Amino acid sequence: MHGVTGTSPNEKYFMKSLYGSTPDEIEALVTAQGLPKYRAAQLLNWIYQKNVLAWDEIKNLSKDALENISGKISLTALEPVEEKRTVAGGSTKFLFKTTDGHFLESVLISQKDAPDSQGGEETITQGRRETVCVSTQLGCKIRCAFCASGQGKFIRNLTAGEIVEQVARVSRMTGKKITNVVFMGMGEPLDNYESTLKAVRILTEPRGFAFGARRVTVSTSGIIPKILEFVKAVDGRVRLSVSLHSSIDEVRSRLVPVNRRYPLKELMSALRKINQGLKREITFEYTLIAGVNDSEEEAEGISMIAKPLRAKINIIPYNPIAEFPHKAPAPEAMGRFCDQLKRRGLHVTLRQTAGRDIDAACGQLRLDRMSKRGERETGNE
């Protein structure tokens, strides 16, 4: 559009935003207006380092130049609607409205740098970790049984700009320097492959947000062809997190329906290729549900899957949703399950639940509830 290359399929239907543009695309846009290239560097600094949200915040480009650029491309694609903080203060949930009237959620997780298990000993890096959990779709087609995001209808993929702008807005709204980004919000990132890949590149580009690649994590339910394509595209530098949730095909197929298409045997084969070829670590996310996937048989199965990959296991207590009437195991039972894994030589972290009181915890982001709230607030009922 307007001399800018690299438009993803999603962006053909929406006016592209600066936040969805790579540095090369912004340079092409600027030079197409007859401006020198250094103006592109100035513009990049304003959006990716200072996170400007209005054209009049940009002070070192002329009014005429900004008018010409703004006539070709929008600056932003999201509008803030609501901000809600947990009672404990560890998580903040943000509701944003898209230009076509839909709603999405992002979460800021504030914590000390998380423990990292190495050789059975935990060490904590000093400092604060400010992590934005971004959404990649409006709804989710994967429809995991325990996840609220897939319970309503799927609307569409988010554009790269809508994904990236979540990071900029959370930073500006909170005044916090974001240190990490995880693609674990609404949607399956690799089902929206082109926009996810482009967003990752903008986030990690030195002339973009300049996040270290190891500070960005992309989660997937196990879409094997896209996993292999994505890891190759980012040269294995971005962290990969795979939603496991069961080591037994029958159980995993009930919890994560995509397992029927890409069963565990095929998934593990693909992950071995990644592990052996790029020598990169893999993390498994495992939502622990009482009486469903917390048996010793599961612990043994996880060990057989994870040990050859030298993978880390993140155990996440199940966060309840109405459509899946189960509970997380009692704290003692969760401890026993983690101990069973550790005794088998696995690196295990039991994640503390953050944001449950505001429905911002893992698996609780929900599109249909947000749409109803948005309709009430905008008078569209």
# chains A, B, ... in the order shown; residues from 1 in each chain; ligands from 1
call {"tool": "select_by_dssp", "arguments": {"residues": "segment 51-232 of chain A", "states": "alpha helix (DSSP H)", "output": "number ranges by chain"}}
result
A: 63-70, 160-174, 193-204, 224-232
call {"tool": "closest_atom_pairs", "arguments": {"of": "segment 227-327 of chain A", "to": "segment 202-218 of chain A", "cutoff": "9 Å", "atoms": "only C-alpha atoms", "output": "tab-separated table"}}
result
residue	atom	partner	partner_atom	distance
A:Val234	CA	A:Ala213	CA	8.9
A:Arg237	CA	A:Ala213	CA	5.7
A:Val238	CA	A:Ala213	CA	4.9
A:Arg239	CA	A:Thr217	CA	4.5
A:Leu240	CA	A:Val218	CA	5.3
A:Ser241	CA	A:Val218	CA	6.1
A:Val242	CA	A:Val218	CA	8.5
call {"tool": "write_last_selection", "arguments": {"atoms": "C-alpha atoms", "output": "mmCIF file, in the first residue's frame"}}
result
data_model
loop_
_atom_site.group_PDB
_atom_site.id
_atom_site.type_symbol
_atom_site.label_atom_id
_atom_site.label_comp_id
_atom_site.auth_asym_id
_atom_site.auth_seq_id
_atom_site.Cartn_x
_atom_site.Cartn_y
_atom_site.Cartn_z
ATOM 1 C CA VAL A 234 13.590 -16.798 13.219
ATOM 2 C CA ARG A 237 16.364 -17.401 18.386
ATOM 3 C CA VAL A 238 12.861 -16.672 19.686
ATOM 4 C CA ARG A 239 11.706 -18.858 22.563
ATOM 5 C CA LEU A 240 9.197 -21.575 21.660
ATOM 6 C CA SER A 241 6.598 -22.742 24.159
ATOM 7 C CA VAL A 242 4.416 -25.750 23.345
#
call {"tool": "residues_around", "arguments": {"residues": "Leu78 of chain A", "least_positions_apart": "2", "cutoff": "8 Å", "atoms": "only C-alpha atoms", "output": "list in words"}}
result
Thr76, Pro80, Phe96, Lys97, Thr98, Thr99, Glu162 and Glu165 of chain A
call {"tool": "residues_around", "arguments": {"residues": "Ile155 of chain A", "least_positions_apart": "5", "cutoff": "10 Å", "atoms": "only C-alpha atoms", "output": "PDB file with C-alpha atoms, in the first residue's frame"}}
result
ATOM      1  CA  HIS A 102     -14.175  -5.617  17.939  1.00  0.00           C
ATOM      2  CA  GLN A 137      -6.622 -13.375  17.086  1.00  0.00           C
ATOM      3  CA  LEU A 138     -10.165 -12.309  17.856  1.00  0.00           C
ATOM      4  CA  GLY A 139     -11.296 -15.639  19.249  1.00  0.00           C
ATOM      5  CA  CYS A 140      -9.482 -18.907  18.629  1.00  0.00           C
ATOM      6  CA  LYS A 141     -10.136 -21.816  16.266  1.00  0.00           C
ATOM      7  CA  LEU A 367     -14.049 -12.714  23.447  1.00  0.00           C
TER       8      LEU A 367
END
call {"tool": "atom_distance", "arguments": {"atom1": "atom CA of Ser246 of chain A", "atom2": "atom CA of Arg351 of chain A"}}
result
17.0 Å
call {"tool": "residues_around", "arguments": {"residues": "Leu44 of chain A", "least_positions_apart": "4", "cutoff": "10 Å", "atoms": "only C-alpha atoms", "output": "ChimeraX atom specification"}}
result
/A:18-19,21-23,26-27,38-40,48-51,207-209
call {"tool": "write_last_selection", "arguments": {"atoms": "C-alpha atoms", "output": "mmCIF file, in the first residue's frame"}}
result
data_model
loop_
_atom_site.group_PDB
_atom_site.id
_atom_site.type_symbol
_atom_site.label_atom_id
_atom_site.label_comp_id
_atom_site.auth_asym_id
_atom_site.auth_seq_id
_atom_site.Cartn_x
_atom_site.Cartn_y
_atom_site.Cartn_z
ATOM 1 C CA LEU A 18 2.856 2.513 11.507
ATOM 2 C CA TYR A 19 3.077 0.042 14.382
ATOM 3 C CA SER A 21 5.393 -1.530 9.640
ATOM 4 C CA THR A 22 8.954 -2.779 9.578
ATOM 5 C CA PRO A 23 11.804 -0.242 9.565
ATOM 6 C CA ILE A 26 8.738 3.004 7.078
ATOM 7 C CA GLU A 27 11.863 4.096 5.228
ATOM 8 C CA TYR A 38 17.114 10.197 8.245
ATOM 9 C CA ARG A 39 13.500 11.259 8.744
ATOM 10 C CA ALA A 40 12.616 7.567 8.799
ATOM 11 C CA TYR A 48 9.248 2.115 18.733
ATOM 12 C CA GLN A 49 11.258 3.774 21.481
ATOM 13 C CA LYS A 50 8.902 6.523 22.679
ATOM 14 C CA ASN A 51 5.652 4.737 21.749
ATOM 15 C CA ARG A 207 15.656 -0.335 14.626
ATOM 16 C CA GLY A 208 12.291 -1.484 15.986
ATOM 17 C CA PHE A 209 11.497 -2.250 19.625
#
call {"tool": "atom_distance", "arguments": {"atom1": "atom CA of Gly185 of chain A", "atom2": "atom CA of Leu158 of chain A"}}
result
11.8 Å
call {"tool": "select_by_dssp", "arguments": {"residues": "segment 43-283 of chain A", "states": "strand (DSSP E or B)", "output": "PyMOL selection string"}}
result
chain A and resi 74+78-85+91-98+103-112+116-118+121-123+128-133+137-138+156-157+180-183+216-220+239-243+282-283
call {"tool": "closest_residue", "arguments": {"among": "A:Gly277, A:Pro325, A:Pro36, A:Gly152", "to": "Gly187 of chain A", "atoms": "only C-alpha atoms"}}
result
A:Gly152
call {"tool": "atom_distance", "arguments": {"atom1": "atom CA of Lys176 of chain A", "atom2": "atom CA of Leu95 of chain A"}}
result
17.7 Å
call {"tool": "residues_around", "arguments": {"residues": "Arg143 of chain A", "least_positions_apart": "6", "cutoff": "10 Å", "atoms": "only C-alpha atoms", "output": "list in words"}}
result
Ser149, Gly150, Gln151, Gly152, Lys153, Phe154, Gly187, Glu188, Leu255, Val256, Pro257 and Val258 of chain A
call {"tool": "write_last_selection", "arguments": {"atoms": "all heavy atoms", "output": "PDB file, in the first residue's frame"}}
result
ATOM      1  N   SER A 149     -10.887 -18.492  25.574  1.00  0.00           N
ATOM      2  CA  SER A 149     -10.754 -17.770  24.303  1.00  0.00           C
ATOM      3  C   SER A 149     -11.413 -18.493  23.133  1.00  0.00           C
ATOM      4  O   SER A 149     -11.865 -17.858  22.193  1.00  0.00           O
ATOM      5  CB  SER A 149      -9.270 -17.534  23.989  1.00  0.00           C
ATOM      6  OG  SER A 149      -8.666 -16.740  24.978  1.00  0.00           O
ATOM      7  N   GLY A 150     -11.439 -19.822  23.182  1.00  0.00           N
ATOM      8  CA  GLY A 150     -11.994 -20.580  22.064  1.00  0.00           C
ATOM      9  C   GLY A 150     -13.446 -20.974  22.229  1.00  0.00           C
ATOM     10  O   GLY A 150     -13.993 -21.693  21.383  1.00  0.00           O
ATOM     11  N   GLN A 151     -14.082 -20.511  23.293  1.00  0.00           N
ATOM     12  CA  GLN A 151     -15.462 -20.942  23.547  1.00  0.00           C
ATOM     13  C   GLN A 151     -16.479 -20.162  22.722  1.00  0.00           C
ATOM     14  O   GLN A 151     -17.552 -20.652  22.442  1.00  0.00           O
ATOM     15  CB  GLN A 151     -15.785 -20.810  25.040  1.00  0.00           C
ATOM     16  CG  GLN A 151     -14.853 -21.601  25.951  1.00  0.00           C
ATOM     17  CD  GLN A 151     -14.780 -23.081  25.593  1.00  0.00           C
ATOM     18  OE1 GLN A 151     -15.796 -23.730  25.337  1.00  0.00           O
ATOM     19  NE2 GLN A 151     -13.568 -23.622  25.572  1.00  0.00           N
ATOM     20  N   GLY A 152     -16.161 -18.930  22.355  1.00  0.00           N
ATOM     21  CA  GLY A 152     -17.054 -18.159  21.494  1.00  0.00           C
ATOM     22  C   GLY A 152     -16.690 -18.353  20.039  1.00  0.00           C
ATOM     23  O   GLY A 152     -15.875 -19.202  19.680  1.00  0.00           O
ATOM     24  N   LYS A 153     -17.283 -17.511  19.167  1.00  0.00           N
ATOM     25  CA  LYS A 153     -16.993 -17.662  17.737  1.00  0.00           C
ATOM     26  C   LYS A 153     -15.676 -16.980  17.390  1.00  0.00           C
ATOM     27  O   LYS A 153     -15.267 -16.009  18.019  1.00  0.00           O
ATOM     28  CB  LYS A 153     -18.122 -17.083  16.898  1.00  0.00           C
ATOM     29  CG  LYS A 153     -18.252 -15.569  16.958  1.00  0.00           C
ATOM     30  CD  LYS A 153     -19.337 -15.103  15.993  1.00  0.00           C
ATOM     31  CE  LYS A 153     -19.433 -13.566  15.998  1.00  0.00           C
ATOM     32  NZ  LYS A 153     -20.443 -13.078  15.029  1.00  0.00           N
ATOM     33  N   PHE A 154     -15.020 -17.518  16.374  1.00  0.00           N
ATOM     34  CA  PHE A 154     -13.807 -16.902  15.855  1.00  0.00           C
ATOM     35  C   PHE A 154     -14.206 -15.783  14.901  1.00  0.00           C
ATOM     36  O   PHE A 154     -15.061 -15.977  14.027  1.00  0.00           O
ATOM     37  CB  PHE A 154     -12.956 -17.938  15.131  1.00  0.00           C
ATOM     38  CG  PHE A 154     -11.744 -17.353  14.456  1.00  0.00           C
ATOM     39  CD1 PHE A 154     -10.599 -17.092  15.188  1.00  0.00           C
ATOM     40  CD2 PHE A 154     -11.761 -17.056  13.101  1.00  0.00           C
ATOM     41  CE1 PHE A 154      -9.472 -16.542  14.585  1.00  0.00           C
ATOM     42  CE2 PHE A 154     -10.651 -16.520  12.484  1.00  0.00           C
ATOM     43  CZ  PHE A 154      -9.499 -16.257  13.226  1.00  0.00           C
ATOM     44  N   GLY A 187      -6.067 -16.462  21.069  1.00  0.00           N
ATOM     45  CA  GLY A 187      -5.709 -16.956  19.750  1.00  0.00           C
ATOM     46  C   GLY A 187      -4.502 -17.877  19.740  1.00  0.00           C
ATOM     47  O   GLY A 187      -3.758 -17.991  20.703  1.00  0.00           O
ATOM     48  N   GLU A 188      -4.331 -18.560  18.623  1.00  0.00           N
ATOM     49  CA  GLU A 188      -3.175 -19.424  18.358  1.00  0.00           C
ATOM     50  C   GLU A 188      -2.239 -18.655  17.433  1.00  0.00           C
ATOM     51  O   GLU A 188      -2.549 -18.422  16.255  1.00  0.00           O
ATOM     52  CB  GLU A 188      -3.648 -20.726  17.703  1.00  0.00           C
ATOM     53  CG  GLU A 188      -2.603 -21.510  16.920  1.00  0.00           C
ATOM     54  CD  GLU A 188      -1.410 -21.966  17.751  1.00  0.00           C
ATOM     55  OE1 GLU A 188      -1.613 -22.751  18.695  1.00  0.00           O
ATOM     56  OE2 GLU A 188      -0.282 -21.532  17.450  1.00  0.00           O
ATOM     57  N   LEU A 255      -8.544 -32.408  25.415  1.00  0.00           N
ATOM     58  CA  LEU A 255      -8.186 -31.093  25.940  1.00  0.00           C
ATOM     59  C   LEU A 255      -7.766 -30.124  24.844  1.00  0.00           C
ATOM     60  O   LEU A 255      -8.109 -28.938  24.874  1.00  0.00           O
ATOM     61  CB  LEU A 255      -7.048 -31.231  26.958  1.00  0.00           C
ATOM     62  CG  LEU A 255      -7.345 -32.020  28.228  1.00  0.00           C
ATOM     63  CD1 LEU A 255      -6.081 -32.141  29.075  1.00  0.00           C
ATOM     64  CD2 LEU A 255      -8.468 -31.363  29.034  1.00  0.00           C
ATOM     65  N   VAL A 256      -7.002 -30.636  23.875  1.00  0.00           N
ATOM     66  CA  VAL A 256      -6.454 -29.811  22.787  1.00  0.00           C
ATOM     67  C   VAL A 256      -6.819 -30.490  21.469  1.00  0.00           C
ATOM     68  O   VAL A 256      -6.069 -31.323  20.956  1.00  0.00           O
ATOM     69  CB  VAL A 256      -4.915 -29.681  22.920  1.00  0.00           C
ATOM     70  CG1 VAL A 256      -4.364 -28.679  21.912  1.00  0.00           C
ATOM     71  CG2 VAL A 256      -4.517 -29.282  24.339  1.00  0.00           C
ATOM     72  N   PRO A 257      -7.977 -30.171  20.897  1.00  0.00           N
ATOM     73  CA  PRO A 257      -8.484 -30.908  19.731  1.00  0.00           C
ATOM     74  C   PRO A 257      -7.532 -30.967  18.542  1.00  0.00           C
ATOM     75  O   PRO A 257      -7.620 -31.898  17.730  1.00  0.00           O
ATOM     76  CB  PRO A 257      -9.775 -30.162  19.379  1.00  0.00           C
ATOM     77  CG  PRO A 257     -10.232 -29.583  20.680  1.00  0.00           C
ATOM     78  CD  PRO A 257      -8.971 -29.202  21.396  1.00  0.00           C
ATOM     79  N   VAL A 258      -6.593 -30.000  18.413  1.00  0.00           N
ATOM     80  CA  VAL A 258      -5.663 -30.042  17.286  1.00  0.00           C
ATOM     81  C   VAL A 258      -4.783 -31.291  17.351  1.00  0.00           C
ATOM     82  O   VAL A 258      -4.173 -31.693  16.348  1.00  0.00           O
ATOM     83  CB  VAL A 258      -4.799 -28.758  17.264  1.00  0.00           C
ATOM     84  CG1 VAL A 258      -3.728 -28.780  18.344  1.00  0.00           C
ATOM     85  CG2 VAL A 258      -4.174 -28.535  15.888  1.00  0.00           C
TER      86      VAL A 258
END
call {"tool": "residues_around", "arguments": {"residues": "segment 284-290 of chain A", "least_positions_apart": "4", "cutoff": "7 Å", "atoms": "only C-alpha atoms", "output": "PyMOL selection string"}}
result
chain A and resi 241-245+294+311-318+326-329
call {"tool": "closest_residue", "arguments": {"among": "A:Asp235, A:Glu79, A:Glu25, A:Glu266", "to": "Arg169 of chain A", "atoms": "only C-alpha atoms"}}
result
A:Glu79
call {"tool": "closest_residue", "arguments": {"among": "A:Ser17, A:Thr349, A:Gln42, A:Ser253", "to": "Gly71 of chain A", "atoms": "only C-alpha atoms"}}
result
A:Ser17
call {"tool": "decode", "arguments": {"residues": "segment 40-163 of chain A", "atoms": "C-alpha atoms", "output": "short mmCIF file (atom, residue, chain, number, x, y, z; two decimals), in the first residue's frame"}}
result
data_model
loop_
_atom_site.label_atom_id
_atom_site.label_comp_id
_atom_site.auth_asym_id
_atom_site.auth_seq_id
_atom_site.Cartn_x
_atom_site.Cartn_y
_atom_site.Cartn_z
CA ALA A 40 12.62 7.57 8.80
CA ALA A 41 15.10 7.02 11.64
CA GLN A 42 13.45 9.86 13.56
CA LEU A 43 10.01 8.39 12.97
CA LEU A 44 11.18 4.93 14.07
CA ASN A 45 12.50 6.40 17.31
CA TRP A 46 9.20 8.11 18.02
CA ILE A 47 7.07 5.01 17.60
CA TYR A 48 9.25 2.12 18.73
CA GLN A 49 11.26 3.77 21.48
CA LYS A 50 8.90 6.52 22.68
CA ASN A 51 5.65 4.74 21.75
CA VAL A 52 3.83 7.85 20.51
CA LEU A 53 0.08 7.44 20.09
CA ALA A 54 -0.81 10.72 18.32
CA TRP A 55 0.74 12.52 15.35
CA ASP A 56 1.12 15.79 17.28
CA GLU A 57 3.47 14.04 19.74
CA ILE A 58 6.08 13.85 16.98
CA LYS A 59 8.07 17.06 17.34
CA ASN A 60 10.95 17.01 14.85
CA LEU A 61 9.06 16.42 11.59
CA SER A 62 7.31 19.30 9.88
CA LYS A 63 3.54 19.63 9.94
CA ASP A 64 3.42 19.21 6.15
CA ALA A 65 5.51 16.02 6.29
CA LEU A 66 3.31 14.53 8.98
CA GLU A 67 0.16 15.44 7.05
CA ASN A 68 1.52 13.72 3.95
CA ILE A 69 2.47 10.58 5.89
CA SER A 70 -0.79 10.46 7.85
CA GLY A 71 -2.71 10.60 4.57
CA LYS A 72 -1.05 7.37 3.50
CA ILE A 73 -1.04 5.35 6.72
CA SER A 74 -2.64 5.43 10.16
CA LEU A 75 -0.50 5.82 13.26
CA THR A 76 -2.44 3.41 15.47
CA ALA A 77 -5.13 0.72 15.13
CA LEU A 78 -6.41 0.29 18.70
CA GLU A 79 -8.42 2.36 21.16
CA PRO A 80 -8.17 1.76 24.92
CA VAL A 81 -11.48 0.90 26.59
CA GLU A 82 -10.72 -0.43 30.06
CA GLU A 83 -7.86 -1.11 32.45
CA LYS A 84 -8.32 -3.46 35.40
CA ARG A 85 -5.74 -4.31 38.05
CA THR A 86 -5.66 -7.37 40.30
CA VAL A 87 -6.19 -6.92 44.03
CA ALA A 88 -2.68 -8.24 44.67
CA GLY A 89 -1.28 -5.88 42.04
CA GLY A 90 0.71 -8.42 40.03
CA SER A 91 -1.33 -8.27 36.82
CA THR A 92 -3.23 -5.64 34.89
CA LYS A 93 -5.72 -6.46 32.14
CA PHE A 94 -6.37 -4.09 29.24
CA LEU A 95 -9.36 -4.05 26.93
CA PHE A 96 -8.80 -2.52 23.48
CA LYS A 97 -11.19 -1.78 20.63
CA THR A 98 -10.19 -2.32 17.00
CA THR A 99 -11.05 0.07 14.17
CA ASP A 100 -13.73 -2.35 12.95
CA GLY A 101 -15.43 -2.40 16.35
CA HIS A 102 -14.17 -5.62 17.94
CA PHE A 103 -12.49 -6.12 21.31
CA LEU A 104 -9.31 -7.80 22.45
CA GLU A 105 -7.48 -8.20 25.72
CA SER A 106 -3.83 -7.90 26.74
CA VAL A 107 -2.28 -8.53 30.15
CA LEU A 108 0.72 -6.96 31.88
CA ILE A 109 2.38 -9.30 34.37
CA SER A 110 4.70 -7.54 36.81
CA GLN A 111 7.05 -9.72 38.85
CA LYS A 112 10.60 -10.28 39.96
CA ASP A 113 12.68 -12.11 37.40
CA ALA A 114 11.38 -15.69 37.54
CA PRO A 115 13.46 -18.53 38.99
CA ASP A 116 15.36 -20.53 36.41
CA SER A 117 16.07 -24.14 37.26
CA GLN A 118 19.55 -25.32 36.35
CA GLY A 119 20.89 -28.61 37.64
CA GLY A 120 18.22 -28.76 40.31
CA GLU A 121 19.20 -25.42 41.88
CA GLU A 122 17.13 -22.28 41.50
CA THR A 123 18.74 -18.90 40.98
CA ILE A 124 16.94 -15.58 40.70
CA THR A 125 18.22 -12.80 38.49
CA GLN A 126 17.88 -9.46 40.24
CA GLY A 127 15.43 -6.96 38.80
CA ARG A 128 11.84 -6.59 37.68
CA ARG A 129 10.22 -8.36 34.79
CA GLU A 130 7.41 -6.51 33.03
CA THR A 131 5.82 -8.95 30.60
CA VAL A 132 3.07 -8.11 28.12
CA CYS A 133 0.92 -11.06 27.10
CA VAL A 134 -0.42 -10.20 23.64
CA SER A 135 -3.37 -11.55 21.70
CA THR A 136 -3.02 -12.60 18.07
CA GLN A 137 -6.62 -13.37 17.09
CA LEU A 138 -10.17 -12.31 17.86
CA GLY A 139 -11.30 -15.64 19.25
CA CYS A 140 -9.48 -18.91 18.63
CA LYS A 141 -10.14 -21.82 16.27
CA ILE A 142 -8.18 -24.35 18.35
CA ARG A 143 -10.95 -24.55 21.00
CA CYS A 144 -9.01 -26.07 23.89
CA ALA A 145 -11.54 -27.44 26.36
CA PHE A 146 -10.23 -25.49 29.37
CA CYS A 147 -9.58 -22.14 27.61
CA ALA A 148 -12.15 -19.35 27.48
CA SER A 149 -10.75 -17.77 24.30
CA GLY A 150 -11.99 -20.58 22.06
CA GLN A 151 -15.46 -20.94 23.55
CA GLY A 152 -17.05 -18.16 21.49
CA LYS A 153 -16.99 -17.66 17.74
CA PHE A 154 -13.81 -16.90 15.85
CA ILE A 155 -13.92 -13.46 14.20
CA ARG A 156 -10.59 -12.81 12.49
CA ASN A 157 -6.83 -12.67 12.76
CA LEU A 158 -5.19 -9.57 14.18
CA THR A 159 -2.83 -7.58 11.98
CA ALA A 160 0.83 -7.23 12.88
CA GLY A 161 0.11 -3.63 13.84
CA GLU A 162 -2.67 -4.63 16.22
CA ILE A 163 -0.36 -7.16 17.86
#
